[in-house]
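start.txt follows (compact mmCIF, C-alpha atoms):
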```txt
# COMPACT_ATOMS: atom_id res chain seq x y z
CA MET A 1 -98.13 -29.68 -4.67
CA GLU A 2 -99.83 -29.57 -1.30
CA ILE A 3 -97.61 -29.09 1.74
CA GLU A 4 -99.18 -29.76 5.12
CA GLN A 5 -97.95 -27.77 8.10
CA THR A 6 -98.48 -29.03 11.65
CA ALA A 7 -97.53 -27.23 14.86
CA LEU A 8 -95.70 -29.52 17.29
CA PRO A 9 -96.12 -27.91 20.73
CA GLY A 10 -92.82 -27.65 22.57
CA ILE A 11 -90.92 -28.91 19.51
CA GLY A 12 -91.51 -26.71 16.46
CA LEU A 13 -93.17 -27.27 13.09
CA ARG A 14 -93.58 -30.24 10.77
CA HIS A 15 -94.03 -29.82 7.01
CA GLU A 16 -95.02 -32.86 4.94
CA PHE A 17 -95.88 -33.67 1.36
CA THR A 18 -96.49 -36.73 -0.78
CA THR A 19 -94.37 -37.29 -3.87
CA ARG A 20 -95.89 -38.17 -7.20
CA SER A 21 -94.79 -41.78 -6.60
CA GLY A 22 -96.72 -41.85 -3.32
CA ARG A 23 -93.83 -41.50 -0.84
CA ARG A 24 -94.47 -39.29 2.18
CA ILE A 25 -91.63 -36.94 3.19
CA GLY A 26 -91.46 -34.51 6.08
CA ILE A 27 -89.22 -31.90 7.63
CA VAL A 28 -89.41 -31.23 11.36
CA SER A 29 -88.04 -27.78 12.22
CA HIS A 30 -87.17 -27.76 15.91
CA ARG A 31 -87.24 -24.57 17.98
CA THR A 32 -83.54 -25.20 18.64
CA GLY A 33 -82.76 -24.79 14.92
CA ARG A 34 -82.17 -28.48 14.25
CA ARG A 35 -84.06 -30.03 11.36
CA ASP A 36 -85.03 -33.64 10.81
CA LEU A 37 -85.64 -35.07 7.35
CA VAL A 38 -88.28 -37.78 7.78
CA ILE A 39 -89.10 -40.52 5.27
CA TYR A 40 -92.33 -42.32 6.09
CA ASP A 41 -93.09 -46.01 5.66
CA PRO A 42 -94.95 -46.54 2.36
CA ALA A 43 -97.21 -49.14 4.01
CA ASP A 44 -97.96 -46.91 7.04
CA PRO A 45 -97.76 -43.15 6.34
CA ASP A 46 -97.86 -42.40 10.09
CA ARG A 47 -94.67 -44.38 10.80
CA ALA A 48 -91.23 -42.96 10.05
CA CYS A 49 -88.94 -45.55 8.49
CA GLU A 50 -85.96 -43.17 8.38
CA THR A 51 -85.06 -39.93 10.16
CA VAL A 52 -81.94 -37.92 9.33
CA LYS A 53 -80.95 -35.22 11.84
CA LEU A 54 -79.44 -32.17 10.14
CA ASN A 55 -77.54 -29.29 11.72
CA ASP A 56 -77.81 -25.79 10.23
CA GLU A 57 -74.87 -26.27 7.86
CA GLU A 58 -76.19 -29.61 6.60
CA ALA A 59 -79.73 -28.25 6.15
CA ASP A 60 -78.35 -25.26 4.20
CA ALA A 61 -76.24 -27.55 1.99
CA LEU A 62 -79.23 -29.77 1.24
CA ALA A 63 -81.41 -26.76 0.45
CA GLU A 64 -78.76 -25.39 -1.91
CA LEU A 65 -78.34 -28.72 -3.67
CA LEU A 66 -82.08 -29.08 -4.17
CA GLY A 67 -82.75 -25.40 -4.87
CA ALA A 68 -80.02 -24.40 -7.30
CA PRO A 69 -81.24 -26.47 -10.28
CA ARG A 70 -84.78 -25.14 -9.69
CA VAL A 71 -83.54 -21.54 -9.71
CA ILE A 72 -81.73 -22.11 -13.00
CA GLN A 73 -84.81 -23.81 -14.48
CA ARG A 74 -87.04 -20.92 -13.39
CA LEU A 75 -84.61 -18.39 -14.87
CA ASN A 76 -84.62 -20.25 -18.17
CA ASP A 77 -88.44 -20.29 -18.12
CA LEU A 78 -88.49 -16.54 -17.43
CA HIS A 79 -86.15 -15.87 -20.35
CA ARG A 80 -88.60 -17.57 -22.67
CA GLU A 81 -91.59 -15.71 -21.18
CA VAL A 82 -90.22 -12.19 -20.68
CA GLU A 83 -88.69 -10.42 -23.62
CA GLY A 84 -85.61 -8.39 -22.72
CA LEU A 85 -84.81 -10.29 -19.51
CA VAL A 86 -81.28 -11.65 -19.39
CA SER A 87 -79.12 -13.34 -16.81
CA GLU A 88 -75.37 -13.14 -16.69
CA LYS A 89 -72.73 -15.05 -14.75
CA LEU A 90 -70.17 -12.49 -13.61
CA PRO A 91 -66.86 -13.53 -12.05
CA ILE A 92 -65.41 -11.58 -9.14
CA GLY A 93 -61.76 -11.05 -10.07
CA GLU A 94 -58.87 -10.70 -7.65
CA ASP A 95 -58.60 -7.05 -8.62
CA SER A 96 -62.32 -6.34 -8.15
CA PRO A 97 -62.90 -3.46 -5.73
CA TYR A 98 -65.58 -5.64 -4.10
CA ALA A 99 -63.51 -8.77 -3.48
CA GLY A 100 -63.43 -9.25 0.29
CA ARG A 101 -66.32 -6.84 0.86
CA PRO A 102 -70.02 -7.38 1.62
CA MET A 103 -72.09 -7.63 -1.54
CA GLY A 104 -74.35 -4.82 -0.31
CA ASP A 105 -71.45 -2.35 -0.58
CA ALA A 106 -71.82 -2.53 -4.39
CA ARG A 107 -75.47 -1.31 -4.19
CA VAL A 108 -76.17 -3.22 -7.41
CA ARG A 109 -79.97 -3.00 -7.40
CA THR A 110 -79.97 0.70 -6.45
CA ARG A 111 -77.38 1.64 -9.05
CA THR A 112 -78.52 -0.55 -11.95
CA GLY A 113 -81.97 -2.05 -11.29
CA ALA A 114 -80.54 -5.56 -11.78
CA SER A 115 -80.75 -8.28 -9.11
CA ILE A 116 -78.17 -10.75 -7.88
CA VAL A 117 -80.06 -14.03 -7.59
CA ALA A 118 -77.22 -16.42 -6.73
CA ALA A 119 -73.54 -16.66 -5.93
CA VAL A 120 -71.31 -19.63 -6.73
CA ARG A 121 -68.24 -20.32 -4.63
CA ALA A 122 -66.10 -23.44 -5.03
CA GLY A 123 -68.95 -25.24 -6.79
CA GLN A 124 -71.47 -24.44 -4.04
CA VAL A 125 -74.50 -22.35 -5.00
CA LEU A 126 -75.95 -19.81 -2.58
CA VAL A 127 -79.41 -18.79 -3.72
CA SER A 128 -80.50 -15.20 -2.98
CA PRO A 129 -77.40 -14.05 -1.10
CA GLY A 130 -78.05 -11.18 1.27
CA PRO A 131 -76.24 -7.83 1.35
CA ASP A 132 -73.94 -9.09 4.12
CA PHE A 133 -72.61 -11.94 1.94
CA ALA A 134 -68.86 -11.30 1.64
CA LEU A 135 -67.73 -11.56 -1.96
CA ALA A 136 -64.44 -13.30 -2.62
CA ALA A 137 -62.12 -13.44 -5.61
CA GLY A 138 -63.16 -16.42 -7.70
CA ASP A 139 -66.86 -16.14 -6.83
CA VAL A 140 -69.34 -16.01 -9.69
CA VAL A 141 -72.53 -14.02 -9.20
CA VAL A 142 -75.68 -14.62 -11.25
CA VAL A 143 -77.33 -11.33 -12.17
CA VAL A 144 -80.79 -10.89 -13.71
CA GLY A 145 -82.03 -7.74 -15.43
CA SER A 146 -81.94 -6.02 -18.80
CA ALA A 147 -78.91 -6.27 -21.05
CA ASP A 148 -77.89 -2.73 -20.07
CA SER A 149 -78.34 -3.25 -16.32
CA THR A 150 -76.40 -6.54 -16.24
CA SER A 151 -73.63 -4.89 -18.23
CA ALA A 152 -73.58 -2.07 -15.67
CA VAL A 153 -73.21 -4.64 -12.87
CA ALA A 154 -70.22 -6.18 -14.67
CA ASP A 155 -68.66 -2.72 -14.81
CA ILE A 156 -69.30 -2.15 -11.09
CA PHE A 157 -67.59 -5.42 -10.13
CA THR A 158 -64.66 -4.62 -12.42
CA ASN A 159 -64.17 -0.89 -11.89
CA GLY A 160 -66.18 0.07 -8.83
```
Would you mind giving the structure from this file in structure tokens?
Amino acid sequence: MEIEQTALPGIGLRHEFTTRSGRRIGIVSHRTGRRDLVIYDPADPDRACETVKLNDEEADALAELLGAPRVIQRLNDLHREVEGLVSEKLPIGEDSPYAGRPMGDARVRTRTGASIVAAVRAGQVLVSPGPDFALAAGDVVVVVGSADSTSAVADIFTNG
């Protein structure tokens, strides 16, 4: 898929692409942080027929909704292509030594070689959470690595 990027002096950047069905869609990223989702008129690809202004929280929610199924699909594809690669969904229990602490405190990658690729909280998926993401009891983290390394991560979140 080809994504066109256009600098908008004094405003920010515009990214656009055309769907397989021929619809033109764009995202304008303003210097202020606001984002506009733009749907162009099918009869006139230079004319916006709909613009939805999104604040940071709304843009993040939309990205998560669109991105989470793709992450899962890519993980499933990797499992078929790479022998020995596994992913595990690990719950963070109330008695976990990392509940209420930043994820980076667990030093998962350093200690095990496995990677945390997503966290699920209250049905919302956060793709690629950073080390400052505060884990909470009830969260589920998605870990990718070998069988041994993902097992080691489970032990870390249970026993420290």
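Atom CA of Arg109 of chain A lies 17.2 Å from atom CA of Gly84 of chain A.
The space separating atom CA of Gln5 of chain A from atom CA of Val125 of chain A comes to 27.4 Å.
Excluding segment 86-99 of chain A itself and any same-chain residue fewer than 2 positions from it, the protein and nucleic acid residues within 6 Å of it, counting only C-alpha atoms, are Arg101, Leu135, Ala136, Ala137, Gly138, Asp139, Val140, Val141, Val142, Val143, Val144, Gly145, Ser146, Phe157, Thr158 and Gly160 of chain A.
Atom pair atom CA of Gly130 of chain A / atom CA of His30 of chain A has a distance of 23.9 Å (rounded to one decimal).
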From the list A:Ala63, A:Val38, A:Ala122, A:Ala134, the nearest residue to Asp105 of chain A using all atoms listed in the file is A:Ala134
Close residues, Pro131 of chain A itself excluded, 12 Å, all atoms listed in the file, min 3 positions apart in chain, as a short mmCIF file (atom, residue, chain, number, x, y, z; two decimals) with C-alpha atoms, in the coordinates of the input:
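This is the output file selection_29.cif:
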```cif
data_model
loop_
_atom_site.label_atom_id
_atom_site.label_comp_id
_atom_site.auth_asym_id
_atom_site.auth_seq_id
_atom_site.Cartn_x
_atom_site.Cartn_y
_atom_site.Cartn_z
CA ARG A 101 -66.32 -6.84 0.86
CA PRO A 102 -70.02 -7.38 1.62
CA MET A 103 -72.09 -7.63 -1.54
CA GLY A 104 -74.35 -4.82 -0.31
CA ASP A 105 -71.45 -2.35 -0.58
CA ALA A 106 -71.82 -2.53 -4.39
CA ARG A 107 -75.47 -1.31 -4.19
CA VAL A 108 -76.17 -3.22 -7.41
CA ARG A 109 -79.97 -3.00 -7.40
CA SER A 115 -80.75 -8.28 -9.11
CA ILE A 116 -78.17 -10.75 -7.88
CA VAL A 117 -80.06 -14.03 -7.59
CA ALA A 118 -77.22 -16.42 -6.73
CA ALA A 119 -73.54 -16.66 -5.93
CA SER A 128 -80.50 -15.20 -2.98
CA ALA A 134 -68.86 -11.30 1.64
CA LEU A 135 -67.73 -11.56 -1.96
#
```
Once you add 6 Å to each side, what are the centre and edge lengths of the axis-aligned box holding all listed atoms of segment 37-51 of chain A? One decimal in Å, as JSON, if you can.
```
{"center_x": -91.5, "center_y": -42.1, "center_z": 6.6, "size_x": 24.9, "size_y": 26.1, "size_z": 20.4}
```
Do a neighbour search on Leu8 of chain A at 10 Å with only C-alpha atoms, toss out local chain neighbours closer than 4 positions, and write the hits as a PyMOL selection string.
-> chain A and resi 12-14+28-31
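Between Val52 of chain A and the candidates A:Gly113, A:Gly123, A:Gly10, A:Gly26, the tightest atom-to-atom separation, counting all atoms listed in the file, involves A:Gly26.
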Which residue gives the smallest distance to Ala152 of chain A among A:Ala114, A:Val120, A:Ala59, A:Leu37, with all atoms listed in the file counted?
-> A:Ala114
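Those residues that approach Glu2 of chain A to within 9 Å, counting only C-alpha atoms, are Glu16, Phe17 and Thr18 of chain A; same-chain residues fewer than 4 positions away are not listed.
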Could you write those residues out with C-alpha atoms, as a PDB file, in the frame of the given file?
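Below you can see out_22.pdb, which holds the result:
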```pdb
ATOM      1  CA  GLU A  16     -95.020 -32.860   4.940  1.00  0.00           C
ATOM      2  CA  PHE A  17     -95.880 -33.670   1.360  1.00  0.00           C
ATOM      3  CA  THR A  18     -96.490 -36.730  -0.780  1.00  0.00           C
TER       4      THR A  18
END
```
One residue among A:Pro45, A:Ala147, A:Met1, A:Asp36 is nearest to Glu83 of chain A when using all atoms listed in the file, and that residue is A:Ala147
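Of the residues listed (A:Asn159, A:Thr110, A:Gly100, A:Asp41), A:Gly100 shows the shortest atom-to-atom separation from Asp132 of chain A; distances use only C-alpha atoms.
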